[in-house]
Each structure stands twice: as structure tokens, then as C-alpha cells.
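S.K.: File coords.cif follows (mmCIF, C-alpha atoms and all ligand atoms):
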```cif
data_work
loop_
_atom_site.group_PDB
_atom_site.id
_atom_site.type_symbol
_atom_site.label_atom_id
_atom_site.label_comp_id
_atom_site.auth_asym_id
_atom_site.auth_seq_id
_atom_site.Cartn_x
_atom_site.Cartn_y
_atom_site.Cartn_z
ATOM 1 C CA MET A 26 -46.259 -42.631 32.926
ATOM 2 C CA LYS A 27 -49.009 -40.786 34.777
ATOM 3 C CA ILE A 28 -52.301 -40.435 32.926
ATOM 4 C CA ASN A 29 -52.152 -36.633 33.130
ATOM 5 C CA GLU A 30 -48.794 -36.737 31.317
ATOM 6 C CA ILE A 31 -50.377 -38.976 28.684
ATOM 7 C CA GLN A 32 -53.156 -36.424 28.346
ATOM 8 C CA LYS A 33 -50.570 -33.702 27.638
ATOM 9 C CA LEU A 34 -48.561 -35.812 25.179
ATOM 10 C CA LEU A 35 -51.682 -36.684 23.181
ATOM 11 C CA ASP A 36 -53.209 -33.238 23.551
ATOM 12 C CA ALA A 37 -56.267 -35.130 24.734
ATOM 13 C CA LYS A 38 -59.642 -34.012 25.958
ATOM 14 C CA LEU A 39 -60.860 -35.564 29.203
ATOM 15 C CA TYR A 40 -64.358 -37.081 29.062
ATOM 16 C CA CYS A 41 -64.505 -38.677 32.498
ATOM 17 C CA GLY A 42 -62.455 -40.139 35.341
ATOM 18 C CA GLU A 43 -60.715 -37.019 36.636
ATOM 19 C CA ASP A 44 -59.953 -38.814 39.901
ATOM 20 C CA GLY A 45 -57.767 -41.287 38.044
ATOM 21 C CA LEU A 46 -55.474 -38.772 36.327
ATOM 22 C CA SER A 47 -52.603 -39.335 38.736
ATOM 23 C CA ARG A 48 -52.570 -43.098 38.203
ATOM 24 C CA ASP A 49 -49.573 -44.738 36.591
ATOM 25 C CA VAL A 50 -49.793 -46.530 33.223
ATOM 26 C CA LYS A 51 -47.143 -49.179 32.559
ATOM 27 C CA SER A 52 -48.157 -50.471 29.137
ATOM 28 C CA VAL A 53 -50.376 -49.508 26.220
ATOM 29 C CA CYS A 54 -52.471 -51.634 23.880
ATOM 30 C CA GLY A 55 -53.446 -49.995 20.576
ATOM 31 C CA SER A 56 -56.171 -51.923 18.746
ATOM 32 C CA ASP A 57 -59.643 -51.884 17.217
ATOM 33 C CA LEU A 58 -59.993 -55.646 17.700
ATOM 34 C CA MET A 59 -61.494 -56.331 21.100
ATOM 35 C CA SER A 60 -60.418 -59.993 21.219
ATOM 36 C CA ASP A 61 -56.819 -58.875 20.694
ATOM 37 C CA VAL A 62 -57.239 -56.474 23.589
ATOM 38 C CA LEU A 63 -58.700 -59.303 25.676
ATOM 39 C CA ALA A 64 -55.632 -61.415 24.916
ATOM 40 C CA TYR A 65 -53.356 -58.620 26.144
ATOM 41 C CA ASN A 66 -52.928 -59.532 29.794
ATOM 42 C CA LYS A 67 -50.820 -56.754 31.298
ATOM 43 C CA ASP A 68 -51.231 -54.894 34.556
ATOM 44 C CA GLN A 69 -51.748 -51.136 34.764
ATOM 45 C CA SER A 70 -52.445 -50.884 31.071
ATOM 46 C CA MET A 71 -54.239 -48.437 28.821
ATOM 47 C CA LEU A 72 -56.253 -48.856 25.621
ATOM 48 C CA LEU A 73 -55.851 -46.718 22.503
ATOM 49 C CA THR A 74 -58.614 -47.371 19.991
ATOM 50 C CA GLY A 75 -60.558 -45.934 17.089
ATOM 51 C CA LEU A 76 -63.546 -48.197 17.734
ATOM 52 C CA VAL A 77 -66.530 -46.597 19.451
ATOM 53 C CA ASN A 78 -69.164 -48.798 21.098
ATOM 54 C CA PRO A 79 -70.087 -49.955 24.625
ATOM 55 C CA GLN A 80 -68.055 -53.146 24.207
ATOM 56 C CA VAL A 81 -64.872 -51.054 24.128
ATOM 57 C CA ILE A 82 -65.616 -49.841 27.646
ATOM 58 C CA ARG A 83 -66.662 -53.316 28.838
ATOM 59 C CA THR A 84 -63.496 -54.816 27.331
ATOM 60 C CA ALA A 85 -61.329 -52.324 29.216
ATOM 61 C CA VAL A 86 -63.290 -53.033 32.403
ATOM 62 C CA MET A 87 -62.755 -56.789 32.000
ATOM 63 C CA MET A 88 -59.013 -56.191 31.597
ATOM 64 C CA ASP A 89 -58.770 -53.842 34.622
ATOM 65 C CA MET A 90 -57.405 -51.155 32.316
ATOM 66 C CA LEU A 91 -56.895 -47.716 33.824
ATOM 67 C CA CYS A 92 -57.628 -45.545 30.829
ATOM 68 C CA ILE A 93 -59.102 -45.475 27.316
ATOM 69 C CA VAL A 94 -58.052 -42.933 24.695
ATOM 70 C CA PHE A 95 -60.136 -42.635 21.520
ATOM 71 C CA VAL A 96 -58.040 -41.616 18.521
ATOM 72 C CA ARG A 97 -59.064 -39.734 15.357
ATOM 73 C CA SER A 98 -61.569 -37.537 17.231
ATOM 74 C CA LYS A 99 -63.935 -40.462 17.789
ATOM 75 C CA THR A 100 -66.458 -39.400 20.402
ATOM 76 C CA PRO A 101 -67.881 -41.801 23.014
ATOM 77 C CA SER A 102 -71.646 -41.751 23.647
ATOM 78 C CA ASP A 103 -73.186 -40.741 26.971
ATOM 79 C CA GLU A 104 -74.114 -44.368 27.548
ATOM 80 C CA MET A 105 -70.463 -45.366 27.146
ATOM 81 C CA LEU A 106 -69.315 -42.657 29.541
ATOM 82 C CA GLU A 107 -71.840 -43.857 32.139
ATOM 83 C CA LEU A 108 -70.361 -47.346 31.887
ATOM 84 C CA ALA A 109 -66.863 -45.944 32.266
ATOM 85 C CA LYS A 110 -67.791 -43.794 35.268
ATOM 86 C CA ASP A 111 -69.342 -46.810 36.935
ATOM 87 C CA SER A 112 -65.919 -48.489 36.802
ATOM 88 C CA GLY A 113 -63.759 -45.450 37.463
ATOM 89 C CA ILE A 114 -61.947 -45.678 34.126
ATOM 90 C CA VAL A 115 -60.417 -42.503 32.688
ATOM 91 C CA VAL A 116 -61.747 -41.746 29.188
ATOM 92 C CA MET A 117 -60.094 -39.245 26.861
ATOM 93 C CA GLY A 118 -60.092 -38.359 23.177
ATOM 94 C CA THR A 119 -57.425 -37.075 20.801
ATOM 95 C CA ASP A 120 -57.547 -35.927 17.176
ATOM 96 C CA MET A 121 -54.284 -37.789 16.487
ATOM 97 C CA THR A 122 -54.320 -40.955 14.387
ATOM 98 C CA MET A 123 -53.524 -44.300 16.012
ATOM 99 C CA PHE A 124 -50.018 -44.250 14.506
ATOM 100 C CA THR A 125 -49.227 -40.746 15.722
ATOM 101 C CA ALA A 126 -50.632 -41.380 19.191
ATOM 102 C CA CYS A 127 -48.635 -44.613 19.556
ATOM 103 C CA GLY A 128 -45.514 -42.827 18.341
ATOM 104 C CA LYS A 129 -45.908 -40.003 20.842
ATOM 105 C CA LEU A 130 -46.358 -42.447 23.720
ATOM 106 C CA TYR A 131 -43.422 -44.606 22.655
ATOM 107 C CA ALA A 132 -41.153 -41.598 22.195
ATOM 108 C CA GLY A 133 -42.453 -40.323 25.524
ATOM 109 C CA GLY A 134 -41.139 -43.375 27.322
ATOM 110 C CA ILE A 135 -43.788 -46.114 27.308
ATOM 111 C CA VAL A 136 -41.529 -48.556 25.529
ATOM 112 C CA ASN A 137 -43.198 -51.867 26.234
ATOM 113 C CA ASP A 138 -41.874 -54.303 23.637
ATOM 114 C CA PHE A 139 -44.390 -57.149 23.822
ATOM 115 C CA ARG A 140 -44.570 -59.747 21.109
ATOM 116 C CA VAL A 141 -46.977 -62.604 20.801
ATOM 117 C CA LYS A 142 -44.282 -65.144 19.960
ATOM 118 C CA MET B 24 -67.961 -70.545 51.920
ATOM 119 C CA SER B 25 -70.050 -73.549 52.868
ATOM 120 C CA GLU B 26 -72.971 -72.751 50.573
ATOM 121 C CA GLU B 27 -72.281 -72.620 46.873
ATOM 122 C CA LEU B 28 -73.065 -69.196 45.463
ATOM 123 C CA VAL B 29 -74.758 -69.001 42.051
ATOM 124 C CA PHE B 30 -75.351 -66.002 39.786
ATOM 125 C CA ARG B 31 -77.729 -66.434 36.836
ATOM 126 C CA PHE B 32 -78.245 -64.238 33.788
ATOM 127 C CA LYS B 33 -80.359 -64.223 30.644
ATOM 128 C CA VAL B 34 -78.226 -63.076 27.732
ATOM 129 C CA ASP B 35 -80.245 -61.130 25.171
ATOM 130 C CA GLY B 36 -79.457 -62.119 21.609
ATOM 131 C CA ASP B 37 -81.272 -59.281 19.879
ATOM 132 C CA ASP B 38 -79.326 -56.337 21.178
ATOM 133 C CA PHE B 39 -75.590 -56.134 20.563
ATOM 134 C CA THR B 40 -75.377 -52.898 22.572
ATOM 135 C CA SER B 41 -76.061 -54.784 25.787
ATOM 136 C CA ALA B 42 -73.656 -57.659 25.003
ATOM 137 C CA GLY B 43 -71.237 -58.027 27.881
ATOM 138 C CA GLN B 44 -73.562 -56.692 30.563
ATOM 139 C CA ALA B 45 -73.747 -59.985 32.431
ATOM 140 C CA SER B 46 -69.955 -60.237 32.570
ATOM 141 C CA VAL B 47 -69.652 -56.706 33.956
ATOM 142 C CA GLN B 48 -72.155 -57.657 36.673
ATOM 143 C CA VAL B 49 -70.273 -60.873 37.472
ATOM 144 C CA LYS B 50 -67.085 -58.885 37.855
ATOM 145 C CA LYS B 51 -68.802 -56.603 40.373
ATOM 146 C CA ASN B 52 -70.246 -59.543 42.296
ATOM 147 C CA LEU B 53 -66.901 -61.341 42.464
ATOM 148 C CA ARG B 54 -65.148 -58.190 43.684
ATOM 149 C CA GLN B 55 -67.504 -58.089 46.643
ATOM 150 C CA LEU B 56 -66.441 -61.617 47.556
ATOM 151 C CA GLY B 57 -62.845 -60.478 47.930
ATOM 152 C CA LEU B 58 -61.301 -62.854 45.404
ATOM 153 C CA SER B 59 -57.894 -61.984 43.913
ATOM 154 C CA ALA B 60 -57.832 -59.476 41.047
ATOM 155 C CA GLU B 61 -56.135 -62.011 38.773
ATOM 156 C CA VAL B 62 -58.830 -64.670 39.360
ATOM 157 C CA ILE B 63 -61.578 -62.107 38.802
ATOM 158 C CA LYS B 64 -59.958 -60.921 35.585
ATOM 159 C CA ARG B 65 -59.614 -64.457 34.233
ATOM 160 C CA VAL B 66 -63.231 -65.341 35.060
ATOM 161 C CA SER B 67 -64.671 -62.145 33.660
ATOM 162 C CA VAL B 68 -62.652 -62.155 30.412
ATOM 163 C CA ALA B 69 -63.516 -65.810 29.718
ATOM 164 C CA MET B 70 -67.179 -65.169 30.437
ATOM 165 C CA TYR B 71 -67.173 -61.964 28.371
ATOM 166 C CA GLU B 72 -65.871 -63.751 25.264
ATOM 167 C CA GLY B 73 -68.428 -66.521 25.798
ATOM 168 C CA GLU B 74 -71.242 -64.042 26.371
ATOM 169 C CA ILE B 75 -70.356 -62.128 23.184
ATOM 170 C CA ASN B 76 -70.283 -65.438 21.287
ATOM 171 C CA MET B 77 -73.780 -66.307 22.518
ATOM 172 C CA VAL B 78 -75.002 -62.934 21.237
ATOM 173 C CA ILE B 79 -73.253 -62.929 17.845
ATOM 174 C CA HIS B 80 -73.405 -66.642 17.006
ATOM 175 C CA ALA B 81 -76.347 -68.119 18.916
ATOM 176 C CA GLY B 82 -79.083 -65.523 19.419
ATOM 177 C CA GLY B 83 -78.519 -65.307 23.162
ATOM 178 C CA GLY B 84 -78.746 -67.870 25.958
ATOM 179 C CA ASP B 85 -78.304 -68.506 29.655
ATOM 180 C CA ALA B 86 -75.241 -67.820 31.759
ATOM 181 C CA GLU B 87 -74.511 -69.180 35.201
ATOM 182 C CA VAL B 88 -71.568 -68.531 37.484
ATOM 183 C CA ARG B 89 -70.987 -70.778 40.478
ATOM 184 C CA VAL B 90 -68.559 -69.867 43.179
ATOM 185 C CA SER B 91 -67.273 -72.758 45.244
ATOM 186 C CA GLU B 92 -64.355 -73.172 47.599
ATOM 187 C CA ASP B 93 -61.848 -74.372 45.009
ATOM 188 C CA TYR B 94 -62.958 -72.829 41.750
ATOM 189 C CA ILE B 95 -65.350 -70.546 39.932
ATOM 190 C CA GLU B 96 -67.421 -72.260 37.279
ATOM 191 C CA ILE B 97 -68.986 -70.510 34.289
ATOM 192 C CA VAL B 98 -71.735 -72.318 32.383
ATOM 193 C CA LEU B 99 -72.944 -70.841 29.081
ATOM 194 C CA ASP B 100 -75.907 -72.557 27.516
ATOM 195 C CA ASP B 101 -77.548 -71.571 24.230
ATOM 196 C CA LYS B 102 -80.051 -72.921 21.735
ATOM 197 C CA GLY B 103 -78.172 -71.570 18.738
ATOM 198 C CA PRO B 104 -77.041 -73.375 15.583
ATOM 199 C CA GLY B 105 -74.275 -75.338 17.315
ATOM 200 C CA ILE B 106 -70.603 -75.619 16.336
ATOM 201 C CA LYS B 107 -69.905 -77.962 13.454
ATOM 202 C CA ASN B 108 -66.219 -78.579 14.055
ATOM 203 C CA ILE B 109 -65.064 -77.728 17.564
ATOM 204 C CA ASP B 110 -61.350 -78.343 16.878
ATOM 205 C CA LEU B 111 -61.511 -75.900 13.986
ATOM 206 C CA ALA B 112 -63.480 -73.344 16.013
ATOM 207 C CA MET B 113 -60.812 -73.518 18.746
ATOM 208 C CA GLN B 114 -58.072 -72.462 16.319
ATOM 209 C CA GLU B 115 -56.822 -68.885 16.557
ATOM 210 C CA GLY B 116 -58.228 -66.814 13.729
ATOM 211 C CA TYR B 117 -61.058 -69.162 12.745
ATOM 212 C CA SER B 118 -64.319 -67.239 12.564
ATOM 213 C CA THR B 119 -67.650 -67.370 10.764
ATOM 214 C CA ALA B 120 -68.601 -63.870 11.969
ATOM 215 C CA SER B 121 -70.061 -61.386 9.491
ATOM 216 C CA ASP B 122 -68.406 -58.149 8.380
ATOM 217 C CA THR B 123 -70.921 -56.272 10.530
ATOM 218 C CA ILE B 124 -69.663 -58.101 13.622
ATOM 219 C CA ARG B 125 -66.064 -57.439 12.581
ATOM 220 C CA SER B 126 -66.783 -53.735 12.259
ATOM 221 C CA LEU B 127 -67.990 -53.878 15.872
ATOM 222 C CA GLY B 128 -64.579 -55.126 17.040
ATOM 223 C CA PHE B 129 -65.308 -58.842 17.314
ATOM 224 C CA GLY B 130 -65.056 -61.776 14.922
ATOM 225 C CA ALA B 131 -61.255 -62.067 14.893
ATOM 226 C CA GLY B 132 -61.513 -65.728 15.821
ATOM 227 C CA MET B 133 -59.729 -65.246 19.148
ATOM 228 C CA GLY B 134 -62.685 -65.741 21.487
ATOM 229 C CA LEU B 135 -62.586 -69.485 22.107
ATOM 230 C CA PRO B 136 -58.740 -69.500 22.252
ATOM 231 C CA ASN B 137 -58.896 -66.649 24.782
ATOM 232 C CA MET B 138 -61.451 -68.570 26.837
ATOM 233 C CA ARG B 139 -59.130 -71.563 26.942
ATOM 234 C CA LYS B 140 -56.137 -69.384 27.749
ATOM 235 C CA TYR B 141 -57.749 -67.721 30.769
ATOM 236 C CA THR B 142 -59.323 -70.813 32.322
ATOM 237 C CA ASP B 143 -58.015 -73.966 34.008
ATOM 238 C CA TYR B 144 -60.731 -76.188 32.548
ATOM 239 C CA MET B 145 -62.958 -75.822 29.503
ATOM 240 C CA ASP B 146 -65.452 -78.223 27.972
ATOM 241 C CA ILE B 147 -67.621 -77.619 24.899
ATOM 242 C CA GLN B 148 -70.681 -79.716 24.143
ATOM 243 C CA SER B 149 -72.399 -78.764 20.927
ATOM 244 C CA GLU B 150 -75.001 -80.259 18.643
ATOM 245 C CA ILE B 151 -75.964 -78.880 15.244
ATOM 246 C CA GLY B 152 -79.428 -77.361 15.348
ATOM 247 C CA VAL B 153 -79.740 -77.922 19.104
ATOM 248 C CA GLY B 154 -77.257 -75.628 20.797
ATOM 249 C CA THR B 155 -73.966 -75.239 22.599
ATOM 250 C CA LYS B 156 -73.025 -75.657 26.251
ATOM 251 C CA ILE B 157 -69.662 -74.451 27.467
ATOM 252 C CA VAL B 158 -68.356 -75.117 30.964
ATOM 253 C CA MET B 159 -65.241 -73.297 32.180
ATOM 254 C CA ARG B 160 -63.485 -73.262 35.529
ATOM 255 C CA VAL B 161 -60.933 -70.963 37.062
ATOM 256 C CA ASN B 162 -59.219 -72.257 40.200
ATOM 257 C CA CYS B 163 -59.144 -69.819 43.092
HETATM 258 N N1 LIG A 201 -72.136 -70.222 21.089
HETATM 259 C C1 LIG A 201 -71.824 -70.493 19.803
HETATM 260 N N2 LIG A 201 -72.767 -71.003 18.964
HETATM 261 C C2 LIG A 201 -72.474 -71.302 17.675
HETATM 262 N N3 LIG A 201 -71.245 -71.124 17.131
HETATM 263 C C3 LIG A 201 -70.262 -70.630 17.916
HETATM 264 C C4 LIG A 201 -70.493 -70.281 19.281
HETATM 265 N N4 LIG A 201 -69.338 -69.835 19.802
HETATM 266 C C5 LIG A 201 -68.436 -69.886 18.818
HETATM 267 N N5 LIG A 201 -68.965 -70.366 17.677
HETATM 268 C C6 LIG A 201 -68.281 -70.631 16.392
HETATM 269 O O1 LIG A 201 -66.887 -70.726 16.625
HETATM 270 C C7 LIG A 201 -66.195 -69.731 15.867
HETATM 271 C C8 LIG A 201 -64.995 -69.242 16.634
HETATM 272 O O2 LIG A 201 -65.398 -68.546 17.817
HETATM 273 P P1 LIG A 201 -64.426 -67.429 18.430
HETATM 274 O O3 LIG A 201 -63.078 -68.030 18.635
HETATM 275 O O4 LIG A 201 -65.084 -66.821 19.613
HETATM 276 O O5 LIG A 201 -64.286 -66.389 17.256
HETATM 277 P P2 LIG A 201 -65.288 -65.241 16.759
HETATM 278 O O6 LIG A 201 -66.368 -65.086 17.767
HETATM 279 O O7 LIG A 201 -64.389 -64.068 16.656
HETATM 280 O O8 LIG A 201 -65.803 -65.693 15.429
HETATM 281 C C9 LIG A 201 -67.230 -68.674 15.576
HETATM 282 O O9 LIG A 201 -66.920 -67.892 14.459
HETATM 283 C C10 LIG A 201 -68.487 -69.513 15.383
HETATM 284 O O10 LIG A 201 -68.506 -70.100 14.095
HETATM 285 MG MG MG A 202 -65.958 -64.856 19.744
#
```
Would you write the structure of this file as C-alpha cells?
Ligand SMILES: Nc1ncnc2c1ncn2[C@@H]1O[C@H](COP(=O)(O)OP(=O)(O)O)[C@@H](O)[C@H]1O
Ligand SMILES: [Mg+2]

M.R.:
Amino acid sequence: MKINEIQKLLDAKLYCGEDGLSRDVKSVCGSDLMSDVLAYNKDQSMLLTGLVNPQVIRTAVMMDMLCIVFVRSKTPSDEMLELAKDSGIVVMGTDMTMFTACGKLYAGGIVNDFRVK
Amino acid sequence: MSEELVFRFKVDGDDFTSAGQASVQVKKNLRQLGLSAEVIKRVSVAMYEGEINMVIHAGGGDAEVRVSEDYIEIVLDDKGPGIKNIDLAMQEGYSTASDTIRSLGFGAGMGLPNMRKYTDYMDIQSEIGVGTKIVMRVNC
């Protein structure tokens, strides 16, 4: 699913990375635990999180993720947005909860069914 | 590459906000060398977990990344408290991190297992009260 479609589904506000809106996301990782995100080795992925600190951006950069969406109206700092811009990652925010945002994306067609075992 | 290329970083243990900076820089440097995206991801994730560990468990330390023909080597060296039981520390979910660290998104006890998972070689030398030295390699 294209990031601009994700933006519509989640009724999300764009913070930075406009150039990346037409990129294609193949899987989504929803977590506030950065080590769990770092264990999630999927290509063309996106991060949904309620955690707000610079390590969230760095984690997504390490994982070559295309996009980060902050749930529950969590707002990234300017410092975080600078880090994201430096790597070309799209950053957005939604007032939906994690559960609702995941549900919208799943119902919208991102049906990756990954299990750890 | 005939000459071995080395990148060195001081990892600040007093400022969690900057934790991970060295790994971001390594990722940039490796991209310029034209290595495969998968190799770069594995190196940078392994180093990132190790760098965060040095900040949250050891008060900072030194990081070194060596690029040679066959592999990329990451050396993380700290003068922290050391790891009492390495086998235990390597287990998924084992963590001595504080609630503060957990609220920052780390301390799930997945760091060392992730480091092993993403690398082809990993060695931990640690002495209580002296420090910890971790060497990891990713074949290129
Ligand atoms: N550099 C280090 N110095 C001292 N102790 C460490 C270091 N790295 C890891 N540890 C110990 O090993 C445990 C497991 O590490 P890790 O798997 O990264 O989990 P976490 O960092 O989430 O606690 C830590 O909780 C800590 O007790
Ligand atoms: Mg850790």
C-alpha cells in the first residue's frame, strides 16, 4: 500500500518526508518496544508506535523502514524530525489508538501474518 | 580494498538522547562504500543494540568498526560493571534494565539475542568491575 493511502486510512498528519509519499509499504510493525522492532527484519516496512524519542527514529533508520506513524496524537520533537529528514523517512501522526490504527491498516489490505514461532 | 578502513566513536554514557548516534553515522559511512543493503542493515542493527547497551548498562564506551575484504567487524569496549552471567544475559527476555529505561523503549532483554541473530560471529569478554568487550562480525 502506498504511504499516501496509509495517510488517508489513518487520517494522519504529515510531519516530514513528502517526497516519500508514493513509496510502497509491504508490512507494518506496531510496537513501543524498540528491540522488538529491531528483531522485525522485513523489507519495505513501516513502524506504528506510541513511543516518542530520538531512538524511535534511529531504530527505523537502522531497519531501513520507509515510514513512522505516531499513534494517540503523540507529537515528535523538532530534533526527531531533523533526524528523520536526514534519512528521508516519512513521519506522520494520527489521533487513533494503536489498536484502531492496526485494524484500519489490516482491513485496508496490509495483511502480513508474521509470527515469531 | 587493500587498506583496512576503521571508524572510531566515543559513546557518551550520560546522555540517552544521543544514544544510537554512532550507529547512524556508521550506516551512512557504509552506504558510501557501496556494500549491500542487507549487510549494512545487519551491521548497523547489531551495533545499535550494542551501543544502546553501553549507554544504559555501562556508562558509555568506545566503538570501532573495521571494514575488511571479507567481513565488517564491530568492537564495543566499555569500562562498565561487566556481565555476571553471559549465558543468562544472552537469553531472550533477560534484562536488568530499570523501569525508566523500559519506558524509553529498551530493556526488553532482546538486545544481545538480536546482536547474535544479525551477525555471523559474536564474542563477549566481560569481567565484573572491569568492563565488557564485544566483538561481532558480519560477512560481506
Ligand atoms: N555493556 C554491558 N555492560 C554491562 N551489562 C550489560 C552490557 N550489555 C548487556 N548487559 C547485561 O545483559 C542484559 C541483557 O542485555 P540485552 O539483551 O541487551 O537486554 P536489555 O538491554 O534490554 O536489558 C542487560 O540487562 C544487562 O544486565
Ligand atoms: Mg539491550

S.K.: Do you know which residues are at most 9 Å from B:Met159 counting all atoms listed in the file, after dropping those on the same chain fewer than 6 positions away, and could you put them as a VMD selection string?

M.R.: chain B and resid 66 69 to 70 95 to 99 138 to 139 142 to 147

S.K.: Using all atoms listed in the file, what table do you get, as a tab-separated table, when you list each residue of chain B with an atom no more than 6 Å from ligand LIG 201 (chain A), its nearest pair of atoms, and their distance in Å rounded to one decimal, rows by chain then rising number?

M.R.:
```
residue	atom	partner	partner_atom	distance
B:Asn76	CA	A:LIG201	N4	4.7
B:Met77	CA	A:LIG201	N1	4.5
B:His80	CA	A:LIG201	C2	4.8
B:Ala81	CA	A:LIG201	N2	4.6
B:Gly103	CA	A:LIG201	N2	5.4
B:Pro104	CA	A:LIG201	C2	5.4
B:Gly105	CA	A:LIG201	C2	4.4
B:Ile106	CA	A:LIG201	N3	4.6
B:Ala112	CA	A:LIG201	O1	4.3
B:Met113	CA	A:LIG201	O3	5.9
B:Tyr117	CA	A:LIG201	C8	5.5
B:Ser118	CA	A:LIG201	O9	3.3
B:Thr119	CA	A:LIG201	O9	3.8
B:Ala120	CA	A:LIG201	O8	4.8
B:Phe129	CA	A:LIG201	O7	5.3
B:Gly130	CA	A:LIG201	O7	3.0
B:Ala131	CA	A:LIG201	O7	4.1
B:Gly132	CA	A:LIG201	O5	3.2
B:Met133	CA	A:LIG201	O3	4.4
B:Gly134	CA	A:LIG201	O4	3.2
B:Leu135	CA	A:LIG201	O3	3.8
B:Pro136	CA	A:LIG201	O3	5.8
B:Thr155	CA	A:LIG201	N1	5.5
```

S.K.: Output C-alpha atoms for every residue in the selection just made, as an mmCIF file, in the frame of the given file.

M.R.:
```
data_model
loop_
_atom_site.group_PDB
_atom_site.id
_atom_site.type_symbol
_atom_site.label_atom_id
_atom_site.label_comp_id
_atom_site.auth_asym_id
_atom_site.auth_seq_id
_atom_site.Cartn_x
_atom_site.Cartn_y
_atom_site.Cartn_z
ATOM 1 C CA ASN B 76 -70.283 -65.438 21.287
ATOM 2 C CA MET B 77 -73.780 -66.307 22.518
ATOM 3 C CA HIS B 80 -73.405 -66.642 17.006
ATOM 4 C CA ALA B 81 -76.347 -68.119 18.916
ATOM 5 C CA GLY B 103 -78.172 -71.570 18.738
ATOM 6 C CA PRO B 104 -77.041 -73.375 15.583
ATOM 7 C CA GLY B 105 -74.275 -75.338 17.315
ATOM 8 C CA ILE B 106 -70.603 -75.619 16.336
ATOM 9 C CA ALA B 112 -63.480 -73.344 16.013
ATOM 10 C CA MET B 113 -60.812 -73.518 18.746
ATOM 11 C CA TYR B 117 -61.058 -69.162 12.745
ATOM 12 C CA SER B 118 -64.319 -67.239 12.564
ATOM 13 C CA THR B 119 -67.650 -67.370 10.764
ATOM 14 C CA ALA B 120 -68.601 -63.870 11.969
ATOM 15 C CA PHE B 129 -65.308 -58.842 17.314
ATOM 16 C CA GLY B 130 -65.056 -61.776 14.922
ATOM 17 C CA ALA B 131 -61.255 -62.067 14.893
ATOM 18 C CA GLY B 132 -61.513 -65.728 15.821
ATOM 19 C CA MET B 133 -59.729 -65.246 19.148
ATOM 20 C CA GLY B 134 -62.685 -65.741 21.487
ATOM 21 C CA LEU B 135 -62.586 -69.485 22.107
ATOM 22 C CA PRO B 136 -58.740 -69.500 22.252
ATOM 23 C CA THR B 155 -73.966 -75.239 22.599
#
```

S.K.: The PyMOL selection byres ((chain B) within 9 of (chain A and not hetatm)) on the file shown: which residues, as number ranges by chain?

M.R.: B: 39-44, 46-47, 50, 60, 63-65, 67-68, 71-72, 125-134, 137, 140-141

S.K.: Looking at B:Glu150, B:Asp35, B:Glu61, B:Glu27, which one is nearest to B:Asp85, with distances taken over all atoms listed in the file?

M.R.: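 Once distances to B:Asp85 are computed over all atoms listed in the file, the minimum belongs to B:Asp35.
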
S.K.: Identify the residues around (-48.4, -42.9, 36.0) within a radius of 8 Å, measuring from all atoms listed in the file in the coordinates stated by the file, and give them as a PyMOL selection string.

M.R.: chain A and resi 26-30+47-51

S.K.: Write a file of the selected residues as a short mmCIF file (atom, residue, chain, number, x, y, z; two decimals), in the coordinates of the input, keeping C-alpha atoms.

M.R.:
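As written to disk, out-v8.cif reads:
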```
data_model
loop_
_atom_site.label_atom_id
_atom_site.label_comp_id
_atom_site.auth_asym_id
_atom_site.auth_seq_id
_atom_site.Cartn_x
_atom_site.Cartn_y
_atom_site.Cartn_z
CA MET A 26 -46.26 -42.63 32.93
CA LYS A 27 -49.01 -40.79 34.78
CA ILE A 28 -52.30 -40.44 32.93
CA ASN A 29 -52.15 -36.63 33.13
CA GLU A 30 -48.79 -36.74 31.32
CA SER A 47 -52.60 -39.34 38.74
CA ARG A 48 -52.57 -43.10 38.20
CA ASP A 49 -49.57 -44.74 36.59
CA VAL A 50 -49.79 -46.53 33.22
CA LYS A 51 -47.14 -49.18 32.56
#
```

S.K.: Would you translate the PyMOL selection byres (((chain A and resi 123) around 12) and not hetatm) into the concrete set of residues it matches in this file, as an mmCIF file with C-alpha atoms, keeping the file's coordinate frame?

M.R.:
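Below you can see expr23.cif, which holds the result:
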```
data_model
loop_
_atom_site.group_PDB
_atom_site.id
_atom_site.type_symbol
_atom_site.label_atom_id
_atom_site.label_comp_id
_atom_site.auth_asym_id
_atom_site.auth_seq_id
_atom_site.Cartn_x
_atom_site.Cartn_y
_atom_site.Cartn_z
ATOM 1 C CA LEU A 35 -51.682 -36.684 23.181
ATOM 2 C CA VAL A 53 -50.376 -49.508 26.220
ATOM 3 C CA CYS A 54 -52.471 -51.634 23.880
ATOM 4 C CA GLY A 55 -53.446 -49.995 20.576
ATOM 5 C CA SER A 56 -56.171 -51.923 18.746
ATOM 6 C CA ASP A 57 -59.643 -51.884 17.217
ATOM 7 C CA LEU A 72 -56.253 -48.856 25.621
ATOM 8 C CA LEU A 73 -55.851 -46.718 22.503
ATOM 9 C CA THR A 74 -58.614 -47.371 19.991
ATOM 10 C CA GLY A 75 -60.558 -45.934 17.089
ATOM 11 C CA LEU A 76 -63.546 -48.197 17.734
ATOM 12 C CA VAL A 94 -58.052 -42.933 24.695
ATOM 13 C CA PHE A 95 -60.136 -42.635 21.520
ATOM 14 C CA VAL A 96 -58.040 -41.616 18.521
ATOM 15 C CA ARG A 97 -59.064 -39.734 15.357
ATOM 16 C CA SER A 98 -61.569 -37.537 17.231
ATOM 17 C CA LYS A 99 -63.935 -40.462 17.789
ATOM 18 C CA GLY A 118 -60.092 -38.359 23.177
ATOM 19 C CA THR A 119 -57.425 -37.075 20.801
ATOM 20 C CA ASP A 120 -57.547 -35.927 17.176
ATOM 21 C CA MET A 121 -54.284 -37.789 16.487
ATOM 22 C CA THR A 122 -54.320 -40.955 14.387
ATOM 23 C CA PHE A 124 -50.018 -44.250 14.506
ATOM 24 C CA THR A 125 -49.227 -40.746 15.722
ATOM 25 C CA ALA A 126 -50.632 -41.380 19.191
ATOM 26 C CA CYS A 127 -48.635 -44.613 19.556
ATOM 27 C CA GLY A 128 -45.514 -42.827 18.341
ATOM 28 C CA LYS A 129 -45.908 -40.003 20.842
ATOM 29 C CA LEU A 130 -46.358 -42.447 23.720
#
```

S.K.: Find the residue from B:Gly36, B:Gly83, B:Gly154, B:Gly73 that sits nearest to ligand MG 202 (chain A); use all atoms listed in the file when measuring.

M.R.: B:Gly73

S.K.: Between B:Asn108, B:Gln55, B:Ser91, B:Gln114, which one has atoms that come closest to ligand MG 202 (chain A), using all atoms listed in the file?

M.R.: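 Going through B:Asn108, B:Gln55, B:Ser91, B:Gln114 one by one, the smallest distance to ligand MG 202 (chain A) is for B:Gln114.
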
S.K.: If I take atom CA of B:Val153 and atom CA of B:Ala86, how far is one from the other in Å, to one decimal?

M.R.: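 These atoms are spaced 16.8 Å apart.
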
S.K.: At what distance in Å, to one decimal, does atom CA of A:Ile93 lie from atom CA of B:Leu56?

M.R.: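 Interatomic distance, atom CA of B:Leu56 to atom CA of A:Ile93: 26.9 Å.
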
S.K.: To one decimal place in Å, what is the distance between atom CA of B:Val90 and atom CA of B:Glu74?

M.R.: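 Between atom CA of B:Val90 and atom CA of B:Glu74 the gap works out to 18.0 Å.
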
S.K.: Could you check the closest approach to A:Glu43 for each of A:Asn137, A:Ile114, A:Ala132, A:Thr100 and tell me which residue wins, using all atoms listed in the file?

M.R.: A:Ile114

S.K.: Starting from the PyMOL selection byres (((chain B and resi 31) around 7) and not hetatm), expand the selection into actual residues of this file and give them as a PyMOL selection string.

M.R.: chain B and resi 29-30+32+86-88
